[in-house]
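Down below is the structure, laid out as structure tokens.
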Amino acid sequence: MTTRVRFAPSPTGYLHIGSARTALFNYLYARNVGGKFLLRIEDTDMARSTDESTRSILEGLQWLGFAPDEEIVFQSNNADKHRAVALKLLEEGKAYRDFTPKAAPSDGNIKQTIADRARANQGVKDMRDNEFRDLSKEESDQRAASGEPFAIRLKVPETGKTVFEDAVYGTNERDYAETEDLVLLRSDGHPLYNLAVVCDDIEMEITDVIRGQDHLTNTHKQILIYEALGVKPPRFAHLPLILAPGGKKLSKRIHGEIVSMTTYRDAGFLAAAFRNFLALLGWSAGEEQEIYSLDELIEKFKLEGIHRSNAIFNFDANNPKRWTDDKAIWMNAEYVRTMPLAELLPFVKTELKSAKLWRDEYEDDDKAWFENTVDLIRERFFTLKDFSTQGRAYFSEDFDFDQKAVEKNLLKFSELKTLLPELAERFAAMEDFSHDAIEETVKSFTEEKGSKLGVIMNGARALLTGLAVGPSMLAVFETLGKEKSVMRLKSQVAWNL
RNA sequence: GGUCGGUUCGUCUAGGGGUCUAGGACACCGCCCUUUCACGGCGGCGACACGGGUUCAAAUCCCGUACCGACUACCA
């Protein structure tokens with residue numbers, strides 16, 4: 001039997017970092033065993049689901065490169081089938097109508113309300129305590145026929161237990177007495193999550209369910225439904241959660257954009273790097289390698305490598321340099337600096353285009369120059385964004401001067417105000433403006449003036465790039481060329497800021 | 001409150017009875033290189049939650065405690 005897995009997000013927000021990892025693991029697993037990776041949008045919560053969210057999730061998946069192998073399934077389209085299953089179970093006596101009036105929706109923190117109620121009960125609750133559970137078929141049918149609203153609940157057997165073997169967490173057992181007679185169909189006719197999931201997974205012929213650990217206890221309820229339906233449940237593998245610093249839940253409300261996939265795309269992350277980072281959150285190949293191509297991940301991915309404890313996505317909202325996880329930033333920098341140049345170029349092009357810095361000559365007459373330049377400056381970059389910000393001076397005359405660089409490397413040495421334009425004159429007189437020739441000129445100029453090489457170089461760096469950091473100045477001079485170097489060295493703009 | 005699960009450096013993790021005076025990565029700190037640095041090189045700081053067992057031997061097995069998490073909805 002072919003392995004078939006699915007990623008099943010509910011469209012109530014953007015693609016969350018935890019969901020993205022779930023998608024990744026499903027994808028890797030499917031590819032590793034030569035199975036199918038499917039996508040199902042669980043949009044049965046009409047109140048919270050939005051098309052906007054669906055679009056955002058699809059966008060995130062597309063960026064990460066996880067295209068489903070079959071058409072996307074929208075769960076809401078299957079509502080009729082789900083209803084039919086609930087009715088069938090009712091007919092077979094495996095479910096019953098509950099005529100208890102629907103409770104008013106609680107305001108405030110629902111989880112808290114539930115916990116409080118449970119505490120008030122002192123933890124003892126008879127899960128079978130429902131006056132309609134054993135109502136005669138005749139009376140139930142009659143009350144339904146008279147138009148009385150009802151929900152359909154699964155009739156969980158009195159004795160026994162649900163057991164399943166989780167690929168990550170091992171054997172899970174739960175006594176039936178711990179599971180309530182869960183609602184299958186709401187009184188307004190809408191199927192509920194646990195029913196919908198089971199029905200769809202059966203219909204989609206899902207063989208392995210890989211999802212967040214928050215569904216671990218739900219699994220018992222779902223197994224009960226599988227049993228009532230007489231269908232063999234799929235294999236389950238639950239993933240540890242990704243938490244916020246402090247071990248708290250990572251949420252949109254509290255942590256904002258930091259949890260959204262599109263944030264990383266927009267911040268100049270490479271999908272390959274982010275995938276790599278995500279793969280290492282909760283999974284390990286058991287070796288010391290950390291940089292993996294997609295193919296390597298696919299080849300090495302094993303469910304056994306997933307661990308049981310939650311991981312923390314580490315970041316400091318108050319520190320701009322650490323706005324997201326350090327390791328994610330490092331990983332991206334590693335990719336930017338070391339990936340084959342030819343693969344990086346298209347991304348740089350896109351970035352420069354969106355910053356209005358792109359020129360078609362970069363792929364034509366100036367192709368060699370462009371490639372050399374990108375290769376030179378990427379050494380110190382972290383994201384694609386850096387090409388249009390820190391790297392701006394290489395592609396435009398309109399760049400900003402970093403105040404600190406100006407103060408530290410220019411203003412502190414007032415003599416540079418005349419020395420640098422003088423150096424420009426020397427440059428202007430040069431015929432061969434190559435690395436070695438430039439070095440020769442700058443060195444003799446420095447000696448002649450009794451100045452220091454570092455002072456001259458860093459002053460020039462501030463003038464030519466606006467920054468205090470960057471590649472070797474000899475390379476910068478050569479890259480920018482004689483004309484621009486001369487012009488910028490003479491410019492008084494930075495001196496008058 | 002109940003049920004279930006988890007706990008190795010600040011973070012991601014290796015390890016699954018002796019090879020562990022616990023390895024790697026990120027971050028941090030120091031030194032070196034150097035015309036700068038967010039590059040590179042070298043080094044440092046830094047963890048088996050706690051308490052009992054079992055065993056010749058426990059980070060690894062068992063029990064308890066603490067802490068954290070999930071679930072406990074006519075949400076998904």
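All residue names refer to the structure tokens as shown: chains lettered A, B, ... in order, residues numbered from 1 in each chain, ligands numbered from 1 in order.
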Considering only C-alpha atoms, give me a table of residues in region 204-248 of chain A that are at most 8 Å from region 277-300 of chain A, with the closest atom pair and distance in Å for each, as CSV.
residue,atom,partner,partner_atom,distance
A:Leu239,CA,A:Gly282,CA,7.7
A:Pro240,CA,A:Gly282,CA,6.6
A:Ile242,CA,A:Leu281,CA,7.8
Spatial neighbours of region 2-10 of chain B, max dist 9 Å, only C-alpha atoms (C1' of nucleotides), sep filter under 5 positions, as a PyMOL selection string: (chain A and resi 118-119+122-125+169+172-174+178+216-217+308-310) or (chain B and resi 22+27+46-49+59+67-72)
Determine, using only C-alpha atoms (C1' of nucleotides), which residues of region 429-495 of chain A have any atom at most 12 Å from an atom of region 30-43 of chain B, and tabulate each with its shortest atom pair and distance in Å to one decimal place, rows ordered by chain and then rising number, as CSV.
residue,atom,partner,partner_atom,distance
A:Glu439,CA,B:U35,C1',10.8
A:Val442,CA,B:U35,C1',10.6
A:Lys443,CA,B:U35,C1',10.7
A:Thr446,CA,B:U35,C1',11.6
A:Lys452,CA,B:U35,C1',9.0
A:Leu453,CA,B:U35,C1',6.0
A:Gly454,CA,B:U35,C1',4.1
A:Val455,CA,B:U35,C1',7.4
A:Ile456,CA,B:U35,C1',7.7
A:Met457,CA,B:U35,C1',5.1
A:Asn458,CA,B:U36,C1',6.1
A:Gly459,CA,B:U35,C1',9.6
A:Ala460,CA,B:U35,C1',9.8
A:Arg461,CA,B:U36,C1',8.1
A:Ala462,CA,B:U36,C1',9.7
A:Thr465,CA,B:U36,C1',11.8
A:Leu467,CA,B:U36,C1',9.2
A:Ala468,CA,B:U36,C1',6.0
A:Val469,CA,B:C37,C1',4.6
A:Gly470,CA,B:C37,C1',6.2
A:Pro471,CA,B:C37,C1',8.2
A:Ser472,CA,B:U35,C1',7.2
A:Met473,CA,B:U35,C1',7.0
A:Leu474,CA,B:U35,C1',8.9
A:Ala475,CA,B:U35,C1',11.4
A:Val476,CA,B:U35,C1',11.6
Write the residues you've just listed into a file as a PDB file, in the first residue's frame, and include C-alpha atoms for each of them.
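Result written to part_0.pdb:
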ATOM      1  CA  GLU A 439      47.574  48.866  -3.396  1.00  0.00           C
ATOM      2  CA  VAL A 442      47.546  53.838  -1.643  1.00  0.00           C
ATOM      3  CA  LYS A 443      50.636  52.612   0.176  1.00  0.00           C
ATOM      4  CA  THR A 446      50.094  56.936   2.860  1.00  0.00           C
ATOM      5  CA  LYS A 452      48.338  55.437   8.576  1.00  0.00           C
ATOM      6  CA  LEU A 453      47.031  52.888   6.130  1.00  0.00           C
ATOM      7  CA  GLY A 454      44.078  52.000   8.363  1.00  0.00           C
ATOM      8  CA  VAL A 455      43.020  55.600   8.679  1.00  0.00           C
ATOM      9  CA  ILE A 456      43.066  56.151   4.949  1.00  0.00           C
ATOM     10  CA  MET A 457      41.348  52.886   4.129  1.00  0.00           C
ATOM     11  CA  ASN A 458      38.570  53.255   6.660  1.00  0.00           C
ATOM     12  CA  GLY A 459      37.999  56.872   5.760  1.00  0.00           C
ATOM     13  CA  ALA A 460      37.678  55.792   2.166  1.00  0.00           C
ATOM     14  CA  ARG A 461      35.344  53.001   3.214  1.00  0.00           C
ATOM     15  CA  ALA A 462      33.016  55.460   4.887  1.00  0.00           C
ATOM     16  CA  THR A 465      30.146  52.617   0.975  1.00  0.00           C
ATOM     17  CA  LEU A 467      29.585  51.889   6.207  1.00  0.00           C
ATOM     18  CA  ALA A 468      32.210  51.007   8.779  1.00  0.00           C
ATOM     19  CA  VAL A 469      32.307  47.387   7.732  1.00  0.00           C
ATOM     20  CA  GLY A 470      32.766  45.548   4.488  1.00  0.00           C
ATOM     21  CA  PRO A 471      35.216  43.668   2.300  1.00  0.00           C
ATOM     22  CA  SER A 472      38.838  44.624   1.827  1.00  0.00           C
ATOM     23  CA  MET A 473      39.026  48.204   0.533  1.00  0.00           C
ATOM     24  CA  LEU A 474      41.315  47.225  -2.314  1.00  0.00           C
ATOM     25  CA  ALA A 475      38.524  44.977  -3.547  1.00  0.00           C
ATOM     26  CA  VAL A 476      35.991  47.736  -3.026  1.00  0.00           C
TER      27      VAL A 476
END
All alpha helix (DSSP H) positions in region 354-473 of chain A, as an NGL selection string: :A and (354 or 367-377 or 385-388 or 392-395 or 403-406 or 416-428 or 435-449 or 453-465 or 473)
Restricting the output to C-alpha atoms, write the selected residues as a PDB file, in the first residue's frame.
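Listing of again05.pdb after writing:
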ATOM      1  CA  SER A 354      11.925  45.241  -5.524  1.00  0.00           C
ATOM      2  CA  LYS A 367      27.218  40.196 -15.922  1.00  0.00           C
ATOM      3  CA  ALA A 368      30.752  39.418 -14.800  1.00  0.00           C
ATOM      4  CA  TRP A 369      30.931  42.561 -12.707  1.00  0.00           C
ATOM      5  CA  PHE A 370      27.588  41.798 -11.086  1.00  0.00           C
ATOM      6  CA  GLU A 371      28.502  38.242 -10.212  1.00  0.00           C
ATOM      7  CA  ASN A 372      31.862  39.231  -8.778  1.00  0.00           C
ATOM      8  CA  THR A 373      30.267  41.948  -6.717  1.00  0.00           C
ATOM      9  CA  VAL A 374      27.576  39.707  -5.274  1.00  0.00           C
ATOM     10  CA  ASP A 375      30.206  37.128  -4.476  1.00  0.00           C
ATOM     11  CA  LEU A 376      32.356  39.761  -2.782  1.00  0.00           C
ATOM     12  CA  ILE A 377      29.713  41.305  -0.564  1.00  0.00           C
ATOM     13  CA  LYS A 385      17.574  42.137   2.259  1.00  0.00           C
ATOM     14  CA  ASP A 386      21.189  43.015   2.973  1.00  0.00           C
ATOM     15  CA  PHE A 387      21.888  43.231  -0.751  1.00  0.00           C
ATOM     16  CA  SER A 388      19.598  46.218  -1.075  1.00  0.00           C
ATOM     17  CA  ARG A 392      23.155  49.565  -1.764  1.00  0.00           C
ATOM     18  CA  ALA A 393      26.298  51.601  -2.459  1.00  0.00           C
ATOM     19  CA  TYR A 394      27.435  48.982  -4.944  1.00  0.00           C
ATOM     20  CA  PHE A 395      24.341  49.399  -7.057  1.00  0.00           C
ATOM     21  CA  GLN A 403      26.385  58.062  11.319  1.00  0.00           C
ATOM     22  CA  LYS A 404      28.719  55.905  13.404  1.00  0.00           C
ATOM     23  CA  ALA A 405      30.939  55.107  10.448  1.00  0.00           C
ATOM     24  CA  VAL A 406      31.238  58.780   9.576  1.00  0.00           C
ATOM     25  CA  LEU A 416      41.133  63.182   5.710  1.00  0.00           C
ATOM     26  CA  LYS A 417      39.014  66.012   4.422  1.00  0.00           C
ATOM     27  CA  THR A 418      41.900  67.066   2.202  1.00  0.00           C
ATOM     28  CA  LEU A 419      43.828  63.793   2.029  1.00  0.00           C
ATOM     29  CA  LEU A 420      41.031  61.749   0.506  1.00  0.00           C
ATOM     30  CA  PRO A 421      40.395  64.148  -2.396  1.00  0.00           C
ATOM     31  CA  GLU A 422      44.147  64.136  -2.955  1.00  0.00           C
ATOM     32  CA  LEU A 423      44.118  60.359  -3.108  1.00  0.00           C
ATOM     33  CA  ALA A 424      41.324  60.704  -5.632  1.00  0.00           C
ATOM     34  CA  GLU A 425      43.658  62.738  -7.844  1.00  0.00           C
ATOM     35  CA  ARG A 426      46.257  59.959  -7.678  1.00  0.00           C
ATOM     36  CA  PHE A 427      43.614  57.448  -8.660  1.00  0.00           C
ATOM     37  CA  ALA A 428      42.458  59.639 -11.507  1.00  0.00           C
ATOM     38  CA  HIS A 435      44.035  45.483  -7.229  1.00  0.00           C
ATOM     39  CA  ASP A 436      47.836  45.496  -7.109  1.00  0.00           C
ATOM     40  CA  ALA A 437      48.214  48.867  -8.720  1.00  0.00           C
ATOM     41  CA  ILE A 438      45.716  50.383  -6.297  1.00  0.00           C
ATOM     42  CA  GLU A 439      47.574  48.866  -3.396  1.00  0.00           C
ATOM     43  CA  GLU A 440      50.798  50.364  -4.646  1.00  0.00           C
ATOM     44  CA  THR A 441      49.256  53.801  -5.026  1.00  0.00           C
ATOM     45  CA  VAL A 442      47.546  53.838  -1.643  1.00  0.00           C
ATOM     46  CA  LYS A 443      50.636  52.612   0.176  1.00  0.00           C
ATOM     47  CA  SER A 444      53.010  55.103  -1.290  1.00  0.00           C
ATOM     48  CA  PHE A 445      50.461  57.869  -0.791  1.00  0.00           C
ATOM     49  CA  THR A 446      50.094  56.936   2.860  1.00  0.00           C
ATOM     50  CA  GLU A 447      53.829  56.858   3.456  1.00  0.00           C
ATOM     51  CA  GLU A 448      54.349  60.101   1.688  1.00  0.00           C
ATOM     52  CA  LYS A 449      51.731  61.820   3.825  1.00  0.00           C
ATOM     53  CA  LEU A 453      47.031  52.888   6.130  1.00  0.00           C
ATOM     54  CA  GLY A 454      44.078  52.000   8.363  1.00  0.00           C
ATOM     55  CA  VAL A 455      43.020  55.600   8.679  1.00  0.00           C
ATOM     56  CA  ILE A 456      43.066  56.151   4.949  1.00  0.00           C
ATOM     57  CA  MET A 457      41.348  52.886   4.129  1.00  0.00           C
ATOM     58  CA  ASN A 458      38.570  53.255   6.660  1.00  0.00           C
ATOM     59  CA  GLY A 459      37.999  56.872   5.760  1.00  0.00           C
ATOM     60  CA  ALA A 460      37.678  55.792   2.166  1.00  0.00           C
ATOM     61  CA  ARG A 461      35.344  53.001   3.214  1.00  0.00           C
ATOM     62  CA  ALA A 462      33.016  55.460   4.887  1.00  0.00           C
ATOM     63  CA  LEU A 463      32.988  57.641   1.795  1.00  0.00           C
ATOM     64  CA  LEU A 464      32.636  54.879  -0.781  1.00  0.00           C
ATOM     65  CA  THR A 465      30.146  52.617   0.975  1.00  0.00           C
ATOM     66  CA  MET A 473      39.026  48.204   0.533  1.00  0.00           C
TER      67      MET A 473
END
Spatial neighbours of Pro11 (chain A), max dist 8 Å, only C-alpha atoms (C1' of nucleotides), sep filter under 3 positions, as a ChimeraX atom specification: /A:14,41-43,48-51,53-54,57
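If you measure from each of B:C63, B:A57, B:C45, B:C50 to G17 (chain B) using only C-alpha atoms (C1' of nucleotides), the closest one turns out to be B:A57.
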Who sits within 12 Å of Leu58 (chain A), only C-alpha atoms (C1' of nucleotides), same chain under 3 positions skipped, as a ChimeraX atom specification: /A:7-11,13-16,19-20,23,39-41,51-55,61-68,72,261-262
Residues flagged strand (DSSP E) by DSSP in region 119-322 of chain A, as a ChimeraX atom specification: /A:151-154,161-166,170-175,183-185,208-212,235-239,242-244,248-249,311-312
